[in-house]
$ cat entry_36.pdb   # PDB, C-alpha atoms
MODEL        1
ATOM      1  CA  VAL A   1       6.985   0.074 -12.714
ATOM      2  CA  GLN A   2       9.029  -1.138  -9.743
ATOM      3  CA  LEU A   3       7.873  -0.684  -6.167
ATOM      4  CA  VAL A   4       9.994  -1.115  -3.040
ATOM      5  CA  GLU A   5       8.417  -0.899   0.410
ATOM      6  CA  SER A   6      10.178   0.024   3.630
ATOM      7  CA  GLY A   7       9.313   1.012   7.181
ATOM      8  CA  GLY A   8       7.729  -2.138   8.517
ATOM      9  CA  GLY A   9       8.688  -3.622  11.842
ATOM     10  CA  LEU A  10       7.464  -4.254  15.350
ATOM     11  CA  ALA A  11       5.143  -1.907  17.229
ATOM     12  CA  GLN A  12       3.154  -2.123  20.421
ATOM     13  CA  THR A  13      -0.609  -1.746  20.590
ATOM     14  CA  GLY A  14      -1.433   1.926  20.349
ATOM     15  CA  GLY A  15       1.846   2.717  18.634
ATOM     16  CA  SER A  16       2.645   4.077  15.193
ATOM     17  CA  LEU A  17       4.628   3.112  12.122
ATOM     18  CA  ARG A  18       5.123   4.785   8.766
ATOM     19  CA  LEU A  19       5.500   2.748   5.606
ATOM     20  CA  ALA A  20       7.082   4.086   2.437
ATOM     21  CA  CYS A  21       6.958   2.814  -1.141
ATOM     22  CA  ALA A  22       9.559   4.032  -3.599
ATOM     23  CA  VAL A  23       8.442   4.069  -7.223
ATOM     24  CA  SER A  24      10.858   3.684 -10.122
ATOM     25  CA  GLY A  25      10.951   2.481 -13.686
ATOM     26  CA  ASP A  26      10.325   3.769 -17.167
ATOM     27  CA  THR A  27       9.498   7.469 -16.980
ATOM     28  CA  GLY A  28       6.479   7.096 -19.226
ATOM     29  CA  CYS A  29       5.079   4.227 -17.172
ATOM     30  CA  VAL A  30       5.639   6.021 -13.862
ATOM     31  CA  SER A  31       3.940   9.114 -15.267
ATOM     32  CA  SER A  32       0.945   7.021 -16.293
ATOM     33  CA  ILE A  33       0.188   5.807 -12.754
ATOM     34  CA  SER A  34      -3.442   6.616 -12.015
ATOM     35  CA  THR A  35      -3.935   5.064  -8.598
ATOM     36  CA  MET A  36      -1.668   3.793  -5.840
ATOM     37  CA  ALA A  37      -2.718   1.698  -2.906
ATOM     38  CA  TRP A  38      -1.680  -0.213   0.174
ATOM     39  CA  TYR A  39      -2.880  -3.768   0.624
ATOM     40  CA  ARG A  40      -2.205  -6.192   3.437
ATOM     41  CA  GLN A  41      -2.290  -9.911   3.941
ATOM     42  CA  ALA A  42      -2.465 -11.537   7.342
ATOM     43  CA  PRO A  43      -1.512 -15.202   7.854
ATOM     44  CA  GLY A  44      -4.216 -17.493   6.501
ATOM     45  CA  LYS A  45      -6.209 -14.622   5.044
ATOM     46  CA  ARG A  46      -6.683 -13.129   1.613
ATOM     47  CA  ARG A  47      -4.925  -9.958   0.557
ATOM     48  CA  GLU A  48      -7.160  -6.967   1.250
ATOM     49  CA  LEU A  49      -7.198  -3.314   0.294
ATOM     50  CA  VAL A  50      -6.263  -0.931   3.109
ATOM     51  CA  ALA A  51      -6.377   2.444   1.354
ATOM     52  CA  ASN A  52      -5.798   3.976  -2.054
ATOM     53  CA  ILE A  53      -5.062   7.397  -3.463
ATOM     54  CA  GLU A  54      -5.714   8.743  -6.927
ATOM     55  CA  TYR A  55      -3.325  10.829  -8.972
ATOM     56  CA  GLY A  56      -5.237  13.987  -8.044
ATOM     57  CA  GLY A  57      -4.956  13.196  -4.343
ATOM     58  CA  ALA A  58      -8.397  11.822  -3.516
ATOM     59  CA  ALA A  59      -8.047   9.063  -0.910
ATOM     60  CA  TYR A  60     -10.213   6.131   0.091
ATOM     61  CA  TYR A  61      -9.947   4.119   3.301
ATOM     62  CA  ARG A  62     -11.432   0.844   4.422
ATOM     63  CA  ASN A  63     -13.547   1.235   7.510
ATOM     64  CA  PHE A  64     -11.177  -0.770   9.669
ATOM     65  CA  VAL A  65      -8.405   1.843   9.252
ATOM     66  CA  LYS A  66     -10.457   4.996   8.829
ATOM     67  CA  GLY A  67      -9.393   7.616  11.342
ATOM     68  CA  ARG A  68      -6.178   5.740  12.193
ATOM     69  CA  PHE A  69      -4.205   5.471   8.936
ATOM     70  CA  ILE A  70      -3.284   8.200   6.475
ATOM     71  CA  ILE A  71      -2.227   7.524   2.890
ATOM     72  CA  SER A  72      -0.222  10.173   1.062
ATOM     73  CA  LYS A  73       2.164  10.537  -1.820
ATOM     74  CA  ASP A  74       5.002  12.813  -2.729
ATOM     75  CA  ASN A  75       4.896  13.326  -6.484
ATOM     76  CA  ALA A  76       8.265  15.070  -6.460
ATOM     77  CA  THR A  77      10.051  11.986  -5.125
ATOM     78  CA  ASP A  78       7.615   9.345  -6.459
ATOM     79  CA  THR A  79       7.057   7.954  -2.978
ATOM     80  CA  LEU A  80       3.868   6.607  -1.442
ATOM     81  CA  TYR A  81       3.395   6.643   2.334
ATOM     82  CA  LEU A  82       1.122   5.041   4.869
ATOM     83  CA  GLN A  83       1.095   6.591   8.332
ATOM     84  CA  MET A  84      -0.337   4.033  10.732
ATOM     85  CA  ASN A  85      -1.484   5.224  14.147
ATOM     86  CA  SER A  86      -3.325   3.559  17.027
ATOM     87  CA  LEU A  87      -2.120   0.182  15.853
ATOM     88  CA  ASN A  88      -3.739  -2.967  17.185
ATOM     89  CA  THR A  89      -2.932  -6.647  16.851
ATOM     90  CA  ASP A  90      -5.409  -7.018  13.964
ATOM     91  CA  ASP A  91      -3.112  -4.787  11.902
ATOM     92  CA  THR A  92      -0.412  -7.458  11.940
ATOM     93  CA  ALA A  93       0.190  -8.422   8.309
ATOM     94  CA  VAL A  94       2.493  -8.105   5.350
ATOM     95  CA  TYR A  95       1.779  -4.762   3.711
ATOM     96  CA  TYR A  96       2.077  -4.406  -0.057
ATOM     97  CA  CYS A  97       2.331  -1.337  -2.240
ATOM     98  CA  ASN A  98       0.332  -1.370  -5.468
ATOM     99  CA  ALA A  99       0.291   0.872  -8.518
ATOM    100  CA  GLN A 100      -2.044   0.898 -11.490
ATOM    101  CA  SER A 101      -0.419   2.332 -14.574
ATOM    102  CA  GLY A 102      -0.790   2.389 -18.315
ATOM    103  CA  CYS A 103       2.004  -0.145 -18.719
ATOM    104  CA  ALA A 104       1.091  -3.800 -18.600
ATOM    105  CA  SER A 105       2.955  -6.979 -17.927
ATOM    106  CA  TRP A 106       1.718 -10.127 -19.613
ATOM    107  CA  GLY A 107       0.592 -13.122 -17.645
ATOM    108  CA  PRO A 108      -1.450 -16.262 -18.246
ATOM    109  CA  THR A 109      -4.717 -14.307 -18.036
ATOM    110  CA  GLY A 110      -3.623 -11.462 -20.292
ATOM    111  CA  PRO A 111      -2.329  -7.946 -19.640
ATOM    112  CA  ASP A 112      -1.960  -6.855 -16.033
ATOM    113  CA  TYR A 113      -1.708  -3.150 -15.346
ATOM    114  CA  ASN A 114      -0.951  -3.687 -11.655
ATOM    115  CA  SER A 115       2.526  -3.523 -10.158
ATOM    116  CA  TRP A 116       3.319  -4.860  -6.694
ATOM    117  CA  GLY A 117       6.118  -4.454  -4.211
ATOM    118  CA  GLN A 118       7.698  -7.324  -2.353
ATOM    119  CA  GLY A 119       5.886  -6.516   0.882
ATOM    120  CA  THR A 120       6.982  -5.376   4.318
ATOM    121  CA  GLN A 121       6.078  -7.099   7.579
ATOM    122  CA  VAL A 122       4.191  -5.188  10.259
ATOM    123  CA  THR A 123       3.818  -6.903  13.611
ATOM    124  CA  VAL A 124       1.821  -5.372  16.452
ATOM    125  CA  SER A 125       2.254  -6.837  19.910
ATOM    126  CA  SER A 126      -0.212  -6.535  22.772
TER     127      SER A 126
ENDMDL
END
$ encode --input "entry_36.pdb" --output "structure tokens"
Amino acid sequence: VQLVESGGGLAQTGGSLRLACAVSGDTGCVSSISTMAWYRQAPGKRRELVANIEYGGAAYYRNFVKGRFIISKDNATDTLYLQMNSLNTDDTAVYYCNAQSGCASWGPTGPDYNSWGQGTQVTVSS
């Protein structure tokens, strides 16, 4: 599964941005995706979950974005979105798209069913 993010950039406090994540790859692997998510990593901090959405549409949000961000997906175009509203400077980070599928890549610790995009920078100015 390949993931490509877009839509990052510069916003002012209180502004909005919409991120998109295009999904591609083997049809069987794409069809096996169970959960997709947005993570973010700010400078000097660990990568953290922002929100995720299950295949059936159920969504989960971390408290720090609840009520401001909306995660959604378009199954027809295999695209994941993150609508970010009421942005503040704490939202500044590189945002990563994640997918969990039935297809694994092999690493030093064994099979990994996670796929990651390359990340897109979001910068919020005060």
$ residues_around --input "entry_36.pdb" --residues "Gly102 of chain A" --least-positions-apart "2" --cutoff "12 Å" --atoms "all atoms listed in the file" --output "PyMOL selection string"
chain A and resi 1+26-35+99-100+104-105+111-115
$ residues_around --input "entry_36.pdb" --residues "Ser86 of chain A" --least-positions-apart "3" --cutoff "8 Å" --atoms "only C-alpha atoms" --output "list in words"
Thr13, Gly14, Gly15, Ser16 and Arg68 of chain A
$ resolve_selection --input "entry_36.pdb" --expression "the PyMOL selection byres ((chain A and resi 122) around 6)" --output "MDAnalysis selection string"
chainID A and resid 8:9 92:94 121 123
$ resolve_selection --input "entry_36.pdb" --expression "the PyMOL selection byres ((chain A and resi 48) around 10)" --output "JSON, numbers by chain"
{"A": [38, 39, 40, 41, 42, 45, 46, 47, 49, 50, 51, 62, 95, 96]}
$ closest_residue --input "entry_36.pdb" --among "A:Glu5, A:Asp74, A:Glu54, A:Asp90" --to "Arg18 of chain A" --atoms "all atoms listed in the file"
A:Glu5
$ closest_residue --input "entry_36.pdb" --among "A:Asn98, A:Ser24, A:Ser125, A:Asn85" --to "Ile53 of chain A" --atoms "all atoms listed in the file"
A:Asn98
$ closest_residue --input "entry_36.pdb" --among "A:Leu82, A:Met36, A:Val23, A:Leu17" --to "Leu3 of chain A" --atoms "only C-alpha atoms"
A:Val23
$ closest_residue --input "entry_36.pdb" --among "A:Ile71, A:Ala76, A:Ala59, A:Met84" --to "Gly7 of chain A" --atoms "all atoms listed in the file"
A:Met84
$ resolve_selection --input "entry_36.pdb" --expression "the PyMOL selection byres ((chain A and resi 79) around 7)" --output "PyMOL selection string"
chain A and resi 20-23+73-75+77-78+80-81
$ atom_distance --input "entry_36.pdb" --atom1 "atom CA of Leu19 of chain A" --atom2 "atom CA of Cys97 of chain A"
9.4 Å
$ atom_distance --input "entry_36.pdb" --atom1 "atom CA of Thr89 of chain A" --atom2 "atom CA of Val124 of chain A"
4.9 Å
$ closest_residue --input "entry_36.pdb" --among "A:Thr109, A:Thr120, A:Cys103, A:Lys66" --to "Leu87 of chain A" --atoms "only C-alpha atoms"
A:Lys66
$ atom_distance --input "entry_36.pdb" --atom1 "atom CA of Val65 of chain A" --atom2 "atom CA of Pro43 of chain A"
18.4 Å
$ build_atoms --input "entry_36.pdb" --residues "segment 67-84 of chain A" --atoms "N, CA and C atoms" --output "CSV table (one decimal), keeping the file's coordinate frame"
chain,number,residue,atom,x,y,z
A,67,GLY,N,-9.7,6.9,10.1
A,67,GLY,CA,-9.4,7.6,11.3
A,67,GLY,C,-8.1,7.3,12.0
A,68,ARG,N,-7.5,6.2,11.6
A,68,ARG,CA,-6.2,5.7,12.2
A,68,ARG,C,-5.0,5.8,11.2
A,69,PHE,N,-5.3,5.5,10.0
A,69,PHE,CA,-4.2,5.5,8.9
A,69,PHE,C,-4.4,6.6,8.0
A,70,ILE,N,-3.3,7.1,7.5
A,70,ILE,CA,-3.3,8.2,6.5
A,70,ILE,C,-2.4,7.8,5.3
A,71,ILE,N,-3.0,7.8,4.1
A,71,ILE,CA,-2.2,7.5,2.9
A,71,ILE,C,-1.9,8.8,2.2
A,72,SER,N,-0.6,8.9,1.7
A,72,SER,CA,-0.2,10.2,1.1
A,72,SER,C,0.9,9.8,0.0
A,73,LYS,N,1.1,10.8,-0.8
A,73,LYS,CA,2.2,10.5,-1.8
A,73,LYS,C,2.9,11.8,-2.1
A,74,ASP,N,4.2,11.7,-2.4
A,74,ASP,CA,5.0,12.8,-2.7
A,74,ASP,C,5.3,12.7,-4.2
A,75,ASN,N,4.7,13.5,-5.0
A,75,ASN,CA,4.9,13.3,-6.5
A,75,ASN,C,6.3,13.7,-6.9
A,76,ALA,N,6.9,14.6,-6.1
A,76,ALA,CA,8.3,15.1,-6.5
A,76,ALA,C,9.3,14.0,-6.3
A,77,THR,N,9.1,13.1,-5.4
A,77,THR,CA,10.1,12.0,-5.1
A,77,THR,C,9.5,10.6,-5.5
A,78,ASP,N,8.3,10.6,-6.1
A,78,ASP,CA,7.6,9.3,-6.5
A,78,ASP,C,7.6,8.4,-5.3
A,79,THR,N,7.1,8.8,-4.2
A,79,THR,CA,7.1,8.0,-3.0
A,79,THR,C,5.7,8.0,-2.4
A,80,LEU,N,5.2,6.8,-2.1
A,80,LEU,CA,3.9,6.6,-1.4
A,80,LEU,C,4.1,6.3,0.0
A,81,TYR,N,3.2,6.9,0.9
A,81,TYR,CA,3.4,6.6,2.3
A,81,TYR,C,2.1,6.1,2.9
A,82,LEU,N,2.3,5.4,4.1
A,82,LEU,CA,1.1,5.0,4.9
A,82,LEU,C,1.5,5.3,6.3
A,83,GLN,N,0.9,6.3,6.9
A,83,GLN,CA,1.1,6.6,8.3
A,83,GLN,C,0.1,5.8,9.1
A,84,MET,N,0.5,4.9,10.0
A,84,MET,CA,-0.3,4.0,10.7
A,84,MET,C,-0.3,4.4,12.2
